[in-house]
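Dumped model11.txt below, it's compact mmCIF, C-alpha atoms:
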# COMPACT_ATOMS: atom_id res chain seq x y z
CA MET A 1 3.31 -2.27 11.26
CA PRO A 2 3.21 -4.73 14.12
CA ASP A 3 3.35 -8.47 13.58
CA ARG A 4 0.07 -10.17 13.14
CA PRO A 5 -0.51 -13.58 14.67
CA ASP A 6 1.47 -16.42 13.11
CA GLY A 7 -1.47 -17.82 11.20
CA VAL A 8 -1.71 -14.63 9.20
CA ARG A 9 1.91 -14.85 8.02
CA ARG A 10 0.29 -16.49 4.97
CA ASP A 11 -0.64 -12.95 3.89
CA ASP A 12 3.00 -11.95 3.91
CA LEU A 13 4.06 -15.02 1.94
CA ALA A 14 1.24 -14.34 -0.54
CA THR A 15 2.40 -10.75 -0.93
CA ALA A 16 5.97 -11.90 -1.48
CA ALA A 17 4.79 -14.37 -4.10
CA ALA A 18 2.82 -11.60 -5.81
CA LEU A 19 5.94 -9.43 -5.94
CA ALA A 20 7.95 -12.29 -7.37
CA ALA A 21 5.26 -12.69 -10.01
CA GLY A 22 5.54 -9.01 -11.00
CA ASP A 23 2.25 -7.85 -9.46
CA GLU A 24 2.57 -4.05 -9.65
CA ALA A 25 -0.52 -3.31 -7.61
CA ALA A 26 0.73 -5.48 -4.76
CA PHE A 27 4.10 -3.78 -4.90
CA ALA A 28 2.57 -0.29 -4.98
CA ASP A 29 0.37 -1.14 -1.98
CA LEU A 30 3.31 -2.40 0.01
CA VAL A 31 5.38 0.65 -0.86
CA ARG A 32 2.63 3.00 0.28
CA GLU A 33 1.99 1.05 3.43
CA LEU A 34 5.56 0.85 4.70
CA SER A 35 7.37 3.85 3.26
CA PRO A 36 6.38 6.40 5.94
CA SER A 37 7.77 4.16 8.65
CA LEU A 38 10.87 3.31 6.61
CA ILE A 39 11.59 6.96 5.87
CA ARG A 40 11.21 7.74 9.56
CA LEU A 41 13.67 4.94 10.33
CA ALA A 42 16.23 6.06 7.74
CA ARG A 43 15.83 9.66 8.81
CA THR A 44 16.94 8.70 12.32
CA TYR A 45 20.31 7.61 10.95
CA VAL A 46 20.97 10.32 8.37
CA GLY A 47 20.77 14.07 8.49
CA SER A 48 18.31 14.82 5.73
CA HIS A 49 14.87 13.83 4.56
CA ALA A 50 16.08 13.74 0.95
CA VAL A 51 18.83 11.26 1.79
CA ALA A 52 16.35 9.19 3.80
CA GLU A 53 14.10 9.01 0.72
CA GLU A 54 17.02 7.92 -1.45
CA ILE A 55 17.86 5.18 1.00
CA VAL A 56 14.27 3.98 1.07
CA GLN A 57 14.07 3.87 -2.72
CA ASP A 58 17.20 1.73 -2.80
CA VAL A 59 15.73 -0.43 -0.07
CA TRP A 60 12.66 -1.14 -2.20
CA VAL A 61 14.83 -2.14 -5.11
CA SER A 62 16.70 -4.53 -2.80
CA VAL A 63 13.36 -5.84 -1.58
CA PHE A 64 11.99 -6.88 -4.95
CA ARG A 65 15.34 -8.08 -6.24
CA GLY A 66 15.76 -10.20 -3.14
CA ILE A 67 12.12 -11.18 -2.64
CA THR A 68 12.73 -14.88 -3.18
CA GLY A 69 14.95 -14.68 -0.10
CA TYR A 70 11.94 -13.90 2.09
CA GLU A 71 10.96 -17.10 3.84
CA GLY A 72 8.26 -15.88 6.21
CA ARG A 73 10.33 -16.35 9.35
CA ALA A 74 9.75 -12.74 10.32
CA SER A 75 6.84 -10.63 9.13
CA LEU A 76 7.39 -8.99 5.76
CA SER A 77 7.32 -5.61 7.46
CA THR A 78 10.05 -6.61 9.92
CA TRP A 79 12.11 -8.06 7.06
CA VAL A 80 11.87 -4.84 5.06
CA HIS A 81 12.62 -2.69 8.10
CA ARG A 82 15.72 -4.75 8.76
CA ILE A 83 16.98 -4.17 5.23
CA CYS A 84 16.29 -0.50 5.75
CA ALA A 85 18.08 -0.33 9.10
CA ARG A 86 21.17 -1.96 7.62
CA ALA A 87 21.13 0.22 4.51
CA SER A 88 20.72 3.34 6.64
CA LEU A 89 23.59 2.36 8.87
CA ARG A 90 25.85 1.71 5.86
CA ARG A 91 24.96 5.06 4.37
CA ALA A 92 25.41 6.90 7.65
CA THR A 93 28.77 5.24 8.25
CA SER A 94 30.03 5.83 4.74
CA GLU A 95 29.11 9.49 4.97
CA ARG A 96 30.94 9.60 8.24
CA ARG A 97 27.85 10.73 10.03
CA SER A 98 29.00 8.04 12.34
CA MET A 99 26.60 7.50 15.13
CA PRO A 100 28.45 7.02 18.37
CA PHE A 101 27.32 3.49 18.98
CA ALA A 102 28.78 3.46 22.39
CA ASP A 103 25.84 5.72 23.11
CA ALA A 104 26.86 8.32 25.60
CA PHE A 105 23.69 7.83 27.59
CA ASP A 106 23.63 4.05 27.66
CA ASP A 107 24.42 3.69 31.31
CA GLY A 108 24.05 5.46 34.60
CA PRO A 109 20.87 6.18 36.50
CA THR A 110 17.86 7.41 34.56
CA VAL A 111 16.64 9.46 37.49
CA ASP A 112 18.86 12.09 39.07
CA PRO A 113 20.36 10.53 42.22
CA GLU A 114 19.72 13.85 43.93
CA ARG A 115 16.04 12.90 43.97
CA PHE A 116 16.74 10.08 46.42
CA VAL A 117 17.85 9.81 50.03
CA ALA A 118 21.52 8.81 50.26
CA VAL A 119 22.33 5.12 50.29
CA ASP A 120 24.07 5.40 53.63
CA ALA A 121 21.36 7.40 55.35
CA ARG A 122 19.97 5.79 58.45
CA GLU A 123 16.37 6.34 57.54
CA ASN A 124 14.81 5.30 54.25
CA PRO A 125 18.00 5.10 52.22
CA ARG A 126 17.41 5.29 48.48
CA SER A 127 13.78 6.28 48.80
CA TRP A 128 12.45 9.43 47.19
CA SER A 129 13.65 12.62 48.84
CA SER A 130 11.94 14.61 46.10
CA ALA A 131 9.10 12.50 44.76
CA PRO A 132 7.58 13.10 41.35
CA ARG A 133 4.62 15.40 41.62
CA PRO A 134 1.53 14.86 39.52
CA TRP A 135 1.73 16.74 36.26
CA ARG A 136 -0.39 19.88 36.27
CA ALA A 137 -3.00 19.82 33.55
CA GLN A 138 -2.29 16.11 33.04
CA PRO A 139 -1.20 15.77 29.43
CA GLU A 140 -4.06 13.96 27.79
CA ASP A 141 -3.24 11.39 25.19
CA GLN A 142 -5.43 12.96 22.54
CA VAL A 143 -4.91 16.63 23.13
CA LEU A 144 -1.32 17.51 23.71
CA ARG A 145 -0.79 21.18 24.34
CA ALA A 146 1.68 22.96 22.09
CA GLU A 147 4.43 23.40 24.69
CA GLN A 148 4.11 19.80 25.78
CA ARG A 149 4.24 18.53 22.22
CA THR A 150 7.38 20.60 21.65
CA ALA A 151 8.95 19.31 24.85
CA VAL A 152 8.27 15.72 23.80
CA SER A 153 9.53 16.28 20.23
CA VAL A 154 12.69 17.98 21.41
CA ALA A 155 13.29 15.20 23.90
CA VAL A 156 12.89 12.51 21.23
CA GLU A 157 15.06 14.37 18.72
CA SER A 158 17.82 14.75 21.32
CA LEU A 159 18.03 11.03 22.05
CA PRO A 160 21.05 9.02 20.94
CA VAL A 161 20.28 7.27 17.65
CA ARG A 162 19.61 3.78 18.88
CA GLN A 163 17.44 4.93 21.76
CA ARG A 164 15.38 7.01 19.34
CA LEU A 165 15.08 4.10 16.92
CA VAL A 166 13.84 1.72 19.58
CA LEU A 167 11.44 4.28 21.05
CA VAL A 168 9.95 5.16 17.67
CA MET A 169 9.67 1.58 16.48
CA ARG A 170 8.12 0.34 19.74
CA ASP A 171 5.95 3.26 20.80
CA VAL A 172 5.09 5.02 17.52
CA GLU A 173 5.17 2.25 14.92
CA GLY A 174 3.95 -0.43 17.32
CA PHE A 175 6.55 -3.11 16.62
CA SER A 176 6.95 -5.79 19.25
CA ALA A 177 10.18 -6.14 21.23
CA ASP A 178 11.07 -9.19 19.17
CA GLU A 179 10.57 -7.42 15.86
CA VAL A 180 12.69 -4.48 16.94
CA CYS A 181 15.48 -6.85 18.01
CA GLN A 182 15.37 -8.53 14.62
CA ALA A 183 15.21 -5.28 12.67
CA LEU A 184 18.03 -3.59 14.55
CA ASP A 185 20.23 -6.58 15.45
CA LEU A 186 19.83 -6.07 19.16
CA SER A 187 19.61 -8.52 22.02
CA GLU A 188 16.34 -8.42 23.96
CA GLY A 189 18.09 -7.07 27.02
CA HIS A 190 19.84 -4.29 25.16
CA GLN A 191 16.68 -3.31 23.34
CA ARG A 192 14.88 -2.98 26.64
CA VAL A 193 17.66 -0.88 28.18
CA LEU A 194 17.51 1.46 25.18
CA LEU A 195 13.73 1.72 25.43
CA HIS A 196 13.88 2.34 29.16
CA ARG A 197 16.45 5.09 28.84
CA ALA A 198 14.55 6.72 25.98
CA ARG A 199 11.24 6.78 27.82
CA ALA A 200 12.89 7.99 31.03
CA HIS A 201 14.56 10.82 29.16
CA VAL A 202 11.28 11.91 27.59
CA ARG A 203 9.55 11.71 30.96
CA ASN A 204 12.26 13.82 32.58
CA ARG A 205 11.96 16.52 29.91
CA LEU A 206 8.20 16.53 30.05
CA ASP A 207 8.34 16.66 33.83
CA GLU A 208 10.37 19.87 33.63
CA GLU A 209 7.74 21.30 31.32
CA VAL A 210 4.58 20.30 33.16
CA GLY A 211 5.66 19.42 36.67
CA ALA A 212 3.82 21.35 39.34
CA MET B 1 23.68 -17.88 50.24
CA ILE B 2 20.39 -18.60 51.97
CA ARG B 3 18.03 -15.68 52.33
CA TRP B 4 15.05 -15.77 54.57
CA ARG B 5 13.32 -12.90 52.90
CA ARG B 6 14.26 -10.94 49.89
CA ARG B 7 15.14 -7.39 50.82
CA ALA B 8 12.42 -4.97 49.72
CA LEU B 9 13.08 -2.86 46.65
CA THR B 10 14.16 0.72 47.19
CA CYS B 11 12.65 3.54 45.14
CA GLN B 12 15.95 4.17 43.42
CA GLU B 13 16.10 0.55 42.29
CA LEU B 14 12.46 0.43 41.31
CA VAL B 15 12.65 3.31 38.84
CA GLU B 16 15.16 1.30 36.82
CA LEU B 17 12.80 -1.68 36.62
CA VAL B 18 9.74 0.12 35.29
CA THR B 19 10.21 -0.89 31.65
CA ASP B 20 11.05 -4.47 32.55
CA TYR B 21 7.81 -4.55 34.50
CA ALA B 22 5.78 -2.99 31.68
CA ASP B 23 7.24 -5.48 29.19
CA GLY B 24 6.46 -8.46 31.39
CA ALA B 25 10.16 -9.22 31.72
CA LEU B 26 10.22 -9.61 35.50
CA SER B 27 9.96 -13.04 37.08
CA PRO B 28 6.76 -13.68 39.08
CA SER B 29 8.55 -13.08 42.38
CA GLU B 30 10.26 -9.91 41.12
CA ARG B 31 6.93 -8.76 39.85
CA ARG B 32 5.31 -9.27 43.24
CA ARG B 33 8.17 -7.39 44.87
CA PHE B 34 7.72 -4.54 42.42
CA GLU B 35 3.97 -4.35 42.96
CA ARG B 36 4.27 -4.59 46.73
CA HIS B 37 6.50 -1.53 46.69
CA VAL B 38 4.37 0.49 44.28
CA ASN B 39 1.23 -0.22 46.29
CA ALA B 40 2.89 1.24 49.39
CA CYS B 41 4.77 4.14 47.81
CA PRO B 42 2.94 7.14 46.31
CA GLY B 43 6.15 8.54 44.81
CA CYS B 44 6.85 5.36 42.86
CA ALA B 45 3.19 4.94 41.96
CA GLU B 46 3.29 8.41 40.39
CA TYR B 47 6.55 7.64 38.58
CA VAL B 48 5.23 4.37 37.16
CA GLU B 49 2.05 6.11 36.06
CA GLN B 50 3.97 8.89 34.30
CA MET B 51 6.23 6.39 32.53
CA SER B 52 3.18 4.44 31.37
CA ARG B 53 1.88 7.55 29.62
CA ILE B 54 5.04 8.13 27.61
CA PRO B 55 4.28 5.84 24.63
CA ALA B 56 0.97 7.57 23.90
CA LEU B 57 2.53 11.01 24.37
CA VAL B 58 5.37 10.20 22.00
CA ARG B 59 2.81 8.94 19.48
CA SER B 60 0.77 12.14 19.79
CA ALA B 61 3.80 14.33 19.27
CA ALA B 62 5.23 12.33 16.38
CA PRO B 63 5.10 14.21 13.08
CA ARG B 64 2.89 12.59 10.47
CA GLY B 65 4.95 10.13 8.47
CA THR B 66 5.33 11.05 4.85
CA GLY B 67 5.70 8.49 2.12
CA LEU B 68 7.69 8.69 -1.07
CA THR B 69 6.89 11.51 -3.48
CA PRO B 70 4.71 10.56 -6.46
CA ASP B 71 7.74 10.88 -8.75
CA ALA B 72 9.79 8.57 -6.58
CA GLU B 73 6.95 6.07 -6.47
CA ARG B 74 6.58 6.22 -10.23
CA SER B 75 10.24 5.57 -10.90
CA LEU B 76 10.17 2.74 -8.38
CA LEU B 77 7.27 1.09 -10.16
CA ASP B 78 9.11 1.52 -13.46
CA ALA B 79 12.14 -0.20 -11.99
CA PHE B 80 9.92 -2.98 -10.67
CA ARG B 81 8.28 -3.47 -14.04
CA GLU B 82 11.65 -3.55 -15.81
CA TRP B 83 13.05 -6.01 -13.31
CA HIS B 84 10.13 -8.36 -13.84
CA ARG B 85 10.26 -7.99 -17.57
CA ASP B 86 13.95 -8.77 -17.58
CA GLY B 87 13.20 -12.05 -15.88
CA GLY B 88 13.55 -11.04 -12.24
What is this file in structure tokens?
Amino acid sequence: MPDRPDGVRRDDLATAAALAAGDEAAFADLVRELSPSLIRLARTYVGSHAVAEEIVQDVWVSVFRGITGYEGRASLSTWVHRICARASLRRATSERRSMPFADAFDDGPTVDPERFVAVDARENPRSWSSAPRPWRAQPEDQVLRAEQRTAVSVAVESLPVRQRLVLVMRDVEGFSADEVCQALDLSEGHQRVLLHRARAHVRNRLDEEVGA
Amino acid sequence: MIRWRRRALTCQELVELVTDYADGALSPSERRRFERHVNACPGCAEYVEQMSRIPALVRSAAPRGTGLTPDAERSLLDAFREWHRDGG
């Protein structure tokens, strides 16, 4: 859930107060609202859906036990996602599903250098030698054909963990750059590099699938 | 070093700036440089356009998020109730 404007942070503080006061309905609502996104987040770190669910249940317990620690600096959703990200990382590390945090794909060009004219060429160095061609049957946002959907899914699933996290949180869950940085303990610059690499990877895969 | 004119962006450089541009992270002059290039370069215009479609495509392909099972929710609510009752 993306941040709402500052003025509406009152809602989050009110919800937190309700939790502190033992309001079950408020708690149930919050659980239903955020759990799909939290499970998706945890799932990115750990191998199984069942383990992701366990993590998220523990996260909710941490949330209500620690609710008086919520001060409204971040949105409640960001705060909860941060707890979840940290819990998921601890679980993943302790189970030795250690995510290579020096992500293998964190540097280097995102477009194959072969697609460009050599840097020392006399004419048009570093311009496209093989420009991207328009995608045949332009993938429409609403109707994604089966093969294209598969290509995109496979591309996302094959991303290094942190790139996938940033891509999903920004482009699927709609968190702002700032919220993602807070939830995942990333600098703004690093978050953007991860997002860039993730999107470029997906584009490359999709291009292979639909390129003319 | 004094520069009279900033060297124009090359395509190979531009493709690495696409997300910075989309996020509004380029300075006004970098932004102008970026746009000047895209306006004159069909290859880069196509690339930028394709990259701009990625968020929606990823959203469309994302599996529906599932929440906690009813049992898990129930036991969570029980834990919440107990915690409050015990003076949490």
Could you tell me, as an NGL selection string, which residues have any atom at most 12 Å from (15.5, 3.9, 30.5), counting all atoms listed in the file?
(:A and (105-111 or 159 or 163-164 or 166-167 or 189-204)) or (:B and (14-20 or 22 or 51 or 54))
Segment 117-123 of chain A, all listed atoms, 5 Å padding on each side: what axis-aligned box centre and edge lengths in Å to one decimal come out, as AutoDock Vina command-line options?
--center_x 20.2 --center_y 7.5 --center_z 54.2 --size_x 17.7 --size_y 14.7 --size_z 18.4
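The closest residue to Val168 of chain A, picked from A:Leu89, A:Ala25, A:Ala16, A:Leu38 and counting all atoms listed in the file, is A:Leu38.
Using only C-alpha atoms for every distance, the candidate list B:Ala25, B:Leu77, B:Ala61, B:Cys11 yields B:Cys11 as the residue closest to Cys41 of chain B.
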Find, counting all atoms listed in the file, the residue in A:Thr78, A:Ser48, A:Gln148, A:Ser127 that gets nearest to chain B.
A:Ser127
How many Å lie between atom CA of Tyr21 of chain B and atom CA of Glu208 of chain A, rounded to one decimal?
24.6 Å
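Note that the spacing between atom CA of Val59 of chain A and atom CA of Cys84 of chain A amounts to 5.8 Å.
Using only C-alpha atoms, the nearest neighbour of chain A within the list B:Gly24, B:Pro42, B:Gly65, B:Pro70 is B:Gly65.
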Closest-contact table, chain A side, partner chain B, 6 Å, counting only C-alpha atoms, as JSON lines:
{"residue": "A:Gly22", "atom": "CA", "partner": "B:His84", "partner_atom": "CA", "distance": 5.4}
{"residue": "A:Ser35", "atom": "CA", "partner": "B:Gly67", "partner_atom": "CA", "distance": 5.1}
{"residue": "A:Pro36", "atom": "CA", "partner": "B:Gly67", "partner_atom": "CA", "distance": 4.4}
{"residue": "A:Arg126", "atom": "CA", "partner": "B:Gln12", "partner_atom": "CA", "distance": 5.4}
{"residue": "A:Ser127", "atom": "CA", "partner": "B:Cys11", "partner_atom": "CA", "distance": 4.7}
{"residue": "A:Ala131", "atom": "CA", "partner": "B:Gly43", "partner_atom": "CA", "distance": 4.9}
{"residue": "A:Pro132", "atom": "CA", "partner": "B:Gly43", "partner_atom": "CA", "distance": 5.9}
{"residue": "A:Asp141", "atom": "CA", "partner": "B:Ala56", "partner_atom": "CA", "distance": 5.8}
{"residue": "A:Arg149", "atom": "CA", "partner": "B:Ala61", "partner_atom": "CA", "distance": 5.2}
{"residue": "A:Asp171", "atom": "CA", "partner": "B:Pro55", "partner_atom": "CA", "distance": 4.9}
{"residue": "A:Val172", "atom": "CA", "partner": "B:Arg59", "partner_atom": "CA", "distance": 4.9}
{"residue": "A:His196", "atom": "CA", "partner": "B:Thr19", "partner_atom": "CA", "distance": 5.5}
